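Structure, as structure tokens:
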Amino acid sequence: MTKQYFGFSVLEQRSVNLDSEMPAELESLYQKEPSLRACIACGNCAAVCSAGHFAEMQFYRLNVMARRGLLHEMVGKAAACMLCGRCQMSCPRGVNIRHAVLMMSQL
Amino acid sequence: MTKQKVAIIGAGPAGLQSAVSLAELGYEVDLYEKKSRPGGHLAEWHVLFPDMQPAGELLDSLMQKVLAHPQIRLETGVNISGLERAGNSWQLIQSDSVRGEADAVVLASGFKLFEASKKEEYGHGIYPAVISSAELEAIFNREKEWPFEKTNKSPKIGLVHCVGSRDAKCGNLYCSKACCITAVKQAIELKKTFPASEVYCFYMDMRMFGLGYEELYHKAQLDYKVHFIRGRLSEASPSGAGRIQVKAEDTLMGRPLKLTLDMLVLMVGMTASVSPEVKENTVELKEYANKGEFVKIPGAVIGAAQWLKPGLFVAGACKGPATLPEVLNDARATALDLRNYLSGVL
Ligand code: SF4
Ligand code: SF4
Ligand code: SF4
């Protein structure tokens, strides 16, 4: 007999599992750029992003991936950044984005 | 001429501040409290947002003013169940007999906290690791034990926003206003108590409207490393050794998320406590029984007097969710309206 789920089950393959150990590099990323923690995912950085015209570049999403420990996904996407700095000029939380992306892409 | 008298129903922050303001304006004040002690929810809180001032300090300073004022008479354990108009004054009814009489009345009956167990999918009252935000305050006040082992110095703790608020399923469409900032405050207190802990806030929106709130949120992120996850918790289930597994949609990732916790705190909202039934010459003060509404003041937005009937004023959070500074200011404003009424201006 198949197991009956009541209501809400989580699809294992797609799910974010916060019980798994966070990668050690995450802490060093935060140490190199503490302002990453101040992001509120407003999306401004993505809306003004120069690279966003050509590639899938949404900085705040990289940051969310980092927070969830999905560093592999994050590093791959960070490569699209051209380090132009437009995002940083518009960030309401003063996140040092250009430096942060550089650190992300070098992890 | 004898001094005019005002009766106040409820000795929480709204009632206490009304009493002080009215006594300072020269009135005799009878202050009635249903419970055995004054202070309302303030008496059960630990520290206050956003300045982390001990709640006891504020209550003590209010109580000192109340007790020091010769014109204020405080009576606890008195349940005023209704009012009756008698000429130009109001009679206060306690179980069918007249308890007192006053020229004007202030209803300051406050709010009730949402009963967390009504939100069944979170398992409050079933799993000991699931507690309400009020119970967490009791733990901070050392009136209650942590629901996990004393040896656990790095607990994982989740805080769920909007429990019983913004939720048509609970019949409460409104936002309770104070619980987002309470969650931020409690998250910081938790990190101060257990620096090695991980604290996760599950929010729908961060409603940081007050002075100093957004700054505290920023501090929680940057200095205390509190995690904020946007998504409403779908359920909490037991996961062995008294721990709790929670599931939610991580809406920023667009993926489902799961997490096992040592403690889950439900940020319960505010609900109505007393629903007055207003008739021609009587007002029945009914206890909120599942379906009650906050006291509605017609025209309140355009600055009309905060009263239900001539001489019957309403102050504080019994009109709807409010923060402490709002409640205290409302009590002062109500006192002025009341003076205008009694001196024939209003
Ligand atoms: S603009 Fe700043 S705060 Fe907004 S999402 Fe980007 S990094 Fe975060
Ligand atoms: S610095 Fe990178 S992320 Fe920021 S706007 Fe330029 S390309 Fe986009
Ligand atoms: S203040 Fe925050 S937690 Fe409370 S009901 Fe409003 S949005 Fe929800």
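Quick note on naming: the chains in the structure tokens go A, B, ... in the order shown, residues restart at 1 in each chain, and ligands are numbered from 1 in order of appearance.
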
Item checked: For stretch 77-82 of chain B: contacts at 8 Å, only C-alpha atoms, fewer than 2 positions along chain excluded, given as a ChimeraX atom specification -> /B:9,32-37,75,84,92-95,282-286

Considering only C-alpha atoms and all ligand atoms, give me a table of residues in chain B that are at most 12 Å from ligand 1, with the closest atom pair and distance in Å for each, as a tab-separated table.
residue	atom	partner	partner_atom_place_in_ligand_line	distance
B:His218	CA	ligand 1	3 (S)	10.8
B:Gln221	CA	ligand 1	3 (S)	11.9
B:Leu252	CA	ligand 1	5 (S)	10.6

Deliver the residues from the most recent selection as a file, using C-alpha atoms, as a PDB file, in the first residue's frame.
ATOM      1  CA  HIS B 218      18.147  45.854  10.027  1.00  0.00           C
ATOM      2  CA  GLN B 221      19.693  40.857  10.167  1.00  0.00           C
ATOM      3  CA  LEU B 252      11.842  33.961  -2.810  1.00  0.00           C
TER       4      LEU B 252
END

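Using only C-alpha atoms, the protein and nucleic acid residues lying no more than 9 Å from B:Ser109, apart from those fewer than 2 places from it along its own chain, are Ile9, Gly10, Ala11, Gly12, Ala14, Gly15, Glu33, Leu107, Phe111, Ser273, Val274, Val314, Ala315, Gly316, Ala317 and Cys318 of chain B.
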
Counting only C-alpha atoms and all ligand atoms, what are the residues of chain A within 8 Å of ligand 2, and for each of them which pair of atoms is the nearest and at what distance in Å, to one decimal? Sort the table by chain and rising number, as a tab-separated table.
residue	atom	partner	partner_atom_place_in_ligand_line	distance
A:Cys45	CA	ligand 2	5 (S)	6.2
A:Ala46	CA	ligand 2	8 (Fe)	6.7
A:Val48	CA	ligand 2	5 (S)	6.0
A:Cys49	CA	ligand 2	5 (S)	3.5
A:Ser50	CA	ligand 2	7 (S)	4.8
A:Ala51	CA	ligand 2	7 (S)	4.4
A:Gly52	CA	ligand 2	8 (Fe)	6.3
A:Met57	CA	ligand 2	3 (S)	6.5
A:Gln58	CA	ligand 2	3 (S)	6.8
A:Phe59	CA	ligand 2	3 (S)	5.5
A:Ala80	CA	ligand 2	7 (S)	7.1
A:Cys81	CA	ligand 2	2 (Fe)	3.8
A:Met82	CA	ligand 2	7 (S)	4.3
A:Leu83	CA	ligand 2	1 (S)	3.7
A:Cys84	CA	ligand 2	6 (Fe)	3.9
A:Gly85	CA	ligand 2	1 (S)	3.8
A:Arg86	CA	ligand 2	5 (S)	4.3
A:Cys87	CA	ligand 2	5 (S)	4.1
A:Gln88	CA	ligand 2	4 (Fe)	6.3
A:Ile97	CA	ligand 2	4 (Fe)	6.5
A:Arg98	CA	ligand 2	1 (S)	5.0
A:Val101	CA	ligand 2	3 (S)	7.0

For the selection you just gave me, I'd like the residues written to a file as a tab-separated table (two decimals), in the first residue's frame, keeping C-alpha atoms.
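And here's again03.tsv as it stands now:
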chain	number	residue	atom	x	y	z
A	45	CYS	CA	19.37	45.38	-8.07
A	46	ALA	CA	17.83	43.07	-10.66
A	48	VAL	CA	18.57	48.04	-12.93
A	49	CYS	CA	21.10	45.30	-13.79
A	50	SER	CA	23.10	45.85	-16.99
A	51	ALA	CA	23.84	42.15	-17.39
A	52	GLY	CA	20.15	41.46	-16.91
A	57	MET	CA	21.28	37.97	-13.57
A	58	GLN	CA	19.27	38.75	-10.48
A	59	PHE	CA	21.60	39.55	-7.65
A	80	ALA	CA	27.16	36.81	-15.63
A	81	CYS	CA	27.91	40.01	-13.69
A	82	MET	CA	29.88	42.74	-15.52
A	83	LEU	CA	30.79	44.55	-12.32
A	84	CYS	CA	29.31	47.81	-13.61
A	85	GLY	CA	28.00	48.78	-10.17
A	86	ARG	CA	24.59	50.13	-11.17
A	87	CYS	CA	22.86	47.82	-8.69
A	88	GLN	CA	24.88	49.19	-5.83
A	97	ILE	CA	26.83	44.37	-4.23
A	98	ARG	CA	29.73	44.64	-6.66
A	101	VAL	CA	29.23	39.31	-6.54

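The spacing separating atom CA of A:Glu33 from atom CA of B:Lys258 amounts to 27.1 Å.
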
Counting only C-alpha atoms and all ligand atoms, which protein, DNA or RNA residues come within 12 Å of ligand 3, given as an mmCIF file with N, CA and C atoms, in the first residue's frame?
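The file below, result20.cif, is the result:
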data_model
loop_
_atom_site.group_PDB
_atom_site.id
_atom_site.type_symbol
_atom_site.label_atom_id
_atom_site.label_comp_id
_atom_site.auth_asym_id
_atom_site.auth_seq_id
_atom_site.Cartn_x
_atom_site.Cartn_y
_atom_site.Cartn_z
ATOM 1 N N LEU B 113 -5.504 37.939 23.234
ATOM 2 C CA LEU B 113 -4.596 37.333 22.263
ATOM 3 C C LEU B 113 -5.327 36.200 21.560
ATOM 4 N N PHE B 114 -5.042 36.050 20.279
ATOM 5 C CA PHE B 114 -5.623 34.956 19.506
ATOM 6 C C PHE B 114 -5.223 33.626 20.142
ATOM 7 N N SER B 133 3.747 33.489 21.337
ATOM 8 C CA SER B 133 4.653 34.597 21.640
ATOM 9 C C SER B 133 4.490 35.053 23.093
ATOM 10 N N LEU B 159 10.023 31.359 14.261
ATOM 11 C CA LEU B 159 8.954 32.268 14.671
ATOM 12 C C LEU B 159 8.005 32.431 13.492
ATOM 13 N N VAL B 160 6.731 32.195 13.723
ATOM 14 C CA VAL B 160 5.749 32.290 12.646
ATOM 15 C C VAL B 160 4.943 33.567 12.779
ATOM 16 N N HIS B 161 5.008 34.407 11.778
ATOM 17 C CA HIS B 161 4.243 35.660 11.801
ATOM 18 C C HIS B 161 2.763 35.395 11.471
ATOM 19 N N CYS B 162 1.931 36.385 11.767
ATOM 20 C CA CYS B 162 0.527 36.393 11.320
ATOM 21 C C CYS B 162 -0.291 35.181 11.779
ATOM 22 N N VAL B 163 -0.102 34.707 12.994
ATOM 23 C CA VAL B 163 -0.929 33.593 13.466
ATOM 24 C C VAL B 163 -2.254 34.151 14.007
ATOM 25 N N GLY B 164 -3.320 33.902 13.260
ATOM 26 C CA GLY B 164 -4.633 34.422 13.650
ATOM 27 C C GLY B 164 -4.907 35.808 13.113
ATOM 28 N N SER B 165 -3.988 36.343 12.320
ATOM 29 C CA SER B 165 -4.212 37.644 11.674
ATOM 30 C C SER B 165 -4.064 37.459 10.168
ATOM 31 N N ARG B 166 -4.622 38.365 9.392
ATOM 32 C CA ARG B 166 -4.550 38.327 7.927
ATOM 33 C C ARG B 166 -4.907 36.936 7.431
ATOM 34 N N ASP B 167 -5.970 36.396 7.979
ATOM 35 C CA ASP B 167 -6.290 35.005 7.734
ATOM 36 C C ASP B 167 -7.806 34.814 7.729
ATOM 37 N N ASN B 172 -10.252 36.552 10.709
ATOM 38 C CA ASN B 172 -9.607 37.835 11.012
ATOM 39 C C ASN B 172 -8.836 38.323 9.796
ATOM 40 N N LEU B 173 -9.413 39.264 9.085
ATOM 41 C CA LEU B 173 -8.745 39.753 7.879
ATOM 42 C C LEU B 173 -7.717 40.834 8.177
ATOM 43 N N TYR B 174 -7.789 41.403 9.368
ATOM 44 C CA TYR B 174 -6.919 42.535 9.683
ATOM 45 C C TYR B 174 -5.513 42.086 10.084
ATOM 46 N N CYS B 175 -4.610 43.057 10.052
ATOM 47 C CA CYS B 175 -3.237 42.851 10.517
ATOM 48 C C CYS B 175 -3.174 43.320 11.970
ATOM 49 N N SER B 176 -2.524 42.559 12.821
ATOM 50 C CA SER B 176 -2.482 42.914 14.250
ATOM 51 C C SER B 176 -1.396 43.936 14.601
ATOM 52 N N LYS B 177 -0.660 44.354 13.611
ATOM 53 C CA LYS B 177 0.273 45.483 13.714
ATOM 54 C C LYS B 177 1.512 45.283 14.579
ATOM 55 N N ALA B 178 1.340 44.741 15.764
ATOM 56 C CA ALA B 178 2.463 44.720 16.709
ATOM 57 C C ALA B 178 3.289 43.436 16.621
ATOM 58 N N CYS B 179 2.814 42.420 15.894
ATOM 59 C CA CYS B 179 3.479 41.112 15.998
ATOM 60 C C CYS B 179 4.737 40.996 15.137
ATOM 61 N N CYS B 180 4.806 41.723 14.000
ATOM 62 C CA CYS B 180 6.047 41.681 13.216
ATOM 63 C C CYS B 180 7.211 42.211 14.044
ATOM 64 N N ILE B 181 7.003 43.361 14.648
ATOM 65 C CA ILE B 181 8.085 43.977 15.427
ATOM 66 C C ILE B 181 8.332 43.180 16.712
ATOM 67 N N THR B 182 7.278 42.554 17.242
ATOM 68 C CA THR B 182 7.474 41.673 18.402
ATOM 69 C C THR B 182 8.353 40.487 18.017
ATOM 70 N N ALA B 183 8.128 39.942 16.813
ATOM 71 C CA ALA B 183 8.948 38.813 16.348
ATOM 72 C C ALA B 183 10.410 39.227 16.236
ATOM 73 N N VAL B 184 10.655 40.415 15.685
ATOM 74 C CA VAL B 184 12.027 40.901 15.550
ATOM 75 C C VAL B 184 12.648 41.078 16.940
ATOM 76 N N CYS B 201 12.623 33.624 11.087
ATOM 77 C CA CYS B 201 11.300 34.248 11.088
ATOM 78 C C CYS B 201 10.617 33.940 9.761
ATOM 79 N N PHE B 202 9.429 33.361 9.827
ATOM 80 C CA PHE B 202 8.637 33.093 8.617
ATOM 81 C C PHE B 202 7.591 34.190 8.484
ATOM 82 N N TYR B 203 7.755 35.048 7.497
ATOM 83 C CA TYR B 203 6.879 36.216 7.383
ATOM 84 C C TYR B 203 6.173 36.253 6.032
ATOM 85 N N MET B 204 5.107 37.038 5.962
ATOM 86 C CA MET B 204 4.448 37.306 4.669
ATOM 87 C C MET B 204 4.865 38.678 4.162
ATOM 88 N N ASP B 205 4.832 39.660 5.056
ATOM 89 C CA ASP B 205 5.399 40.985 4.819
ATOM 90 C C ASP B 205 6.032 41.378 6.136
ATOM 91 N N MET B 206 7.104 42.158 6.082
ATOM 92 C CA MET B 206 7.653 42.702 7.318
ATOM 93 C C MET B 206 7.030 44.075 7.499
ATOM 94 N N ARG B 207 6.132 44.212 8.430
ATOM 95 C CA ARG B 207 5.432 45.496 8.601
ATOM 96 C C ARG B 207 6.086 46.304 9.710
ATOM 97 N N MET B 208 7.087 47.075 9.294
ATOM 98 C CA MET B 208 7.928 47.813 10.232
ATOM 99 C C MET B 208 7.571 49.288 10.170
ATOM 100 N N PHE B 209 6.354 49.638 10.593
ATOM 101 C CA PHE B 209 5.851 50.986 10.340
ATOM 102 C C PHE B 209 6.291 52.009 11.383
ATOM 103 N N GLY B 210 6.645 51.563 12.553
ATOM 104 C CA GLY B 210 6.855 52.508 13.659
ATOM 105 C C GLY B 210 8.253 53.087 13.708
ATOM 106 N N TYR B 213 11.490 50.860 14.118
ATOM 107 C CA TYR B 213 11.228 49.438 13.830
ATOM 108 C C TYR B 213 12.137 48.925 12.718
ATOM 109 N N ARG B 230 10.603 34.359 3.572
ATOM 110 C CA ARG B 230 9.282 34.822 3.164
ATOM 111 C C ARG B 230 8.435 33.636 2.737
ATOM 112 N N GLY B 231 7.399 33.360 3.495
ATOM 113 C CA GLY B 231 6.509 32.246 3.197
ATOM 114 C C GLY B 231 5.746 31.857 4.440
ATOM 115 N N ARG B 232 4.502 31.504 4.241
ATOM 116 C CA ARG B 232 3.665 31.127 5.377
ATOM 117 C C ARG B 232 3.843 29.641 5.656
ATOM 118 N N VAL B 265 7.640 29.264 17.711
ATOM 119 C CA VAL B 265 6.903 30.315 18.424
ATOM 120 C C VAL B 265 5.852 30.914 17.486
ATOM 121 N N LEU B 266 4.603 30.929 17.918
ATOM 122 C CA LEU B 266 3.521 31.460 17.088
ATOM 123 C C LEU B 266 3.217 32.898 17.501
ATOM 124 N N MET B 267 3.388 33.819 16.548
ATOM 125 C CA MET B 267 3.160 35.230 16.854
ATOM 126 C C MET B 267 1.653 35.502 16.803
ATOM 127 N N VAL B 268 1.000 35.302 17.944
ATOM 128 C CA VAL B 268 -0.453 35.423 17.976
ATOM 129 C C VAL B 268 -0.898 36.883 17.872
ATOM 130 N N GLY B 269 -1.972 37.081 17.136
ATOM 131 C CA GLY B 269 -2.482 38.434 16.915
ATOM 132 C C GLY B 269 -3.434 38.874 18.016
ATOM 133 N N MET B 270 -4.004 40.066 17.807
ATOM 134 C CA MET B 270 -4.941 40.607 18.790
ATOM 135 C C MET B 270 -6.366 40.370 18.303
ATOM 136 N N THR B 271 -7.245 40.023 19.237
ATOM 137 C CA THR B 271 -8.659 39.900 18.912
ATOM 138 C C THR B 271 -9.461 40.729 19.913
ATOM 139 N N PRO B 321 -6.291 46.610 16.866
ATOM 140 C CA PRO B 321 -4.874 46.435 17.199
ATOM 141 C C PRO B 321 -4.145 47.772 17.285
ATOM 142 N N ALA B 322 -3.342 47.931 18.326
ATOM 143 C CA ALA B 322 -2.594 49.176 18.529
ATOM 144 C C ALA B 322 -1.332 48.867 19.306
ATOM 145 N N THR B 323 -0.321 49.700 19.122
ATOM 146 C CA THR B 323 0.915 49.554 19.884
ATOM 147 C C THR B 323 0.793 50.351 21.183
#

Could you tell me which residues of chain B sit within 7 Å of chain A when counting only C-alpha atoms, and give me the result as a JSON list (two decimals) with N, CA, C and O atoms, in the first residue's frame?
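File produced: out_4.json:
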[["chain", "number", "residue", "atom", "x", "y", "z"],
["B", 218, "HIS", "N", 16.83, 45.79, 10.65],
["B", 218, "HIS", "CA", 18.15, 45.85, 10.03],
["B", 218, "HIS", "C", 19.20, 45.29, 10.99],
["B", 218, "HIS", "O", 20.07, 44.49, 10.60],
["B", 221, "GLN", "N", 19.05, 41.53, 11.30],
["B", 221, "GLN", "CA", 19.69, 40.86, 10.17],
["B", 221, "GLN", "C", 21.21, 40.91, 10.29],
["B", 221, "GLN", "O", 21.89, 39.89, 10.18],
["B", 222, "LEU", "N", 21.71, 42.12, 10.51],
["B", 222, "LEU", "CA", 23.14, 42.36, 10.39],
["B", 222, "LEU", "C", 23.91, 41.95, 11.65],
["B", 222, "LEU", "O", 24.91, 41.25, 11.57],
["B", 253, "MET", "N", 12.69, 31.74, -3.28],
["B", 253, "MET", "CA", 13.34, 30.71, -4.08],
["B", 253, "MET", "C", 12.33, 30.08, -5.05],
["B", 253, "MET", "O", 12.72, 29.49, -6.05],
["B", 255, "ARG", "N", 10.55, 27.56, -4.16],
["B", 255, "ARG", "CA", 10.68, 26.13, -3.90],
["B", 255, "ARG", "C", 10.15, 25.80, -2.51],
["B", 255, "ARG", "O", 10.15, 26.65, -1.63],
["B", 256, "PRO", "N", 9.75, 24.56, -2.30],
["B", 256, "PRO", "CA", 9.32, 24.17, -0.95],
["B", 256, "PRO", "C", 10.53, 24.08, -0.02],
["B", 256, "PRO", "O", 11.65, 23.84, -0.48],
["B", 257, "LEU", "N", 10.26, 24.30, 1.24],
["B", 257, "LEU", "CA", 11.36, 24.30, 2.21],
["B", 257, "LEU", "C", 10.95, 23.50, 3.43],
["B", 257, "LEU", "O", 9.80, 23.51, 3.84],
["B", 258, "LYS", "N", 11.91, 22.77, 3.99],
["B", 258, "LYS", "CA", 11.62, 22.10, 5.26],
["B", 258, "LYS", "C", 12.76, 22.31, 6.24],
["B", 258, "LYS", "O", 13.91, 22.56, 5.83],
["B", 259, "LEU", "N", 12.42, 22.19, 7.50],
["B", 259, "LEU", "CA", 13.36, 22.56, 8.55],
["B", 259, "LEU", "C", 12.90, 21.92, 9.85],
["B", 259, "LEU", "O", 11.71, 21.89, 10.14],
["B", 260, "THR", "N", 13.85, 21.39, 10.62],
["B", 260, "THR", "CA", 13.50, 20.79, 11.91],
["B", 260, "THR", "C", 13.94, 21.73, 13.03],
["B", 260, "THR", "O", 15.06, 22.25, 13.01]]

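From atom CA of B:Glu189 back to atom CA of B:His124, the distance works out to 21.8 Å.
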
Item checked: Members of stretch 17-115 of chain B assigned strand (DSSP E or B) by DSSP, as number ranges by chain -> B: 28-33, 47-48, 53-54, 72-76, 82-86, 89-94, 97-102, 104-107, 111-113

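Restricting the calculation to only C-alpha atoms, the smallest distance between B:Ile139 and any of B:Arg332, B:Lys112, B:His46, B:Lys156 is found for B:His46.
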
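The closest residue to B:Gly344, picked from B:Pro310, B:Ser21, B:Leu264, B:Lys191 and counting only C-alpha atoms, is B:Pro310.
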
Check: What does the distance from atom CA of A:Ala66 to atom CA of A:Met89 come to in Å, to one decimal?
Finding: 22.0 Å

Notebook entry, point to check: Out of chain A, which residues get helix (DSSP H, G or I) from DSSP, as a PyMOL selection string?
Noted result: chain A and resi 24-32+34-38+44-47+51-53+59-67+71-78+86-90+97-105

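Closest approach to B:Gly320 from the set B:Gln4, B:Ser89, B:Ser275, B:Ser237 is made by B:Ser275, with distances taken over only C-alpha atoms.
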
Checklist line | Residue contacts of B:Asp60 (12 Å, only C-alpha atoms) excluding same-chain residues fewer than 2 positions away, as a ChimeraX atom specification | finding: /B:13,16,38-39,42-43,54-58,62-68

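Of the residues listed (B:Ser132, B:Tyr288, B:Lys118, B:Ala187), B:Ala187 shows the shortest atom-to-atom separation from B:Asp223; distances use only C-alpha atoms.
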
Next item on the list: For stretch 296-300 of chain B, please output as number ranges by chain all residues within 10 Å (counting only C-alpha atoms; exclusion window: fewer than 2 positions along the same chain).
Entry: B: 275-276, 293-294, 302-309, 313-314, 318-320
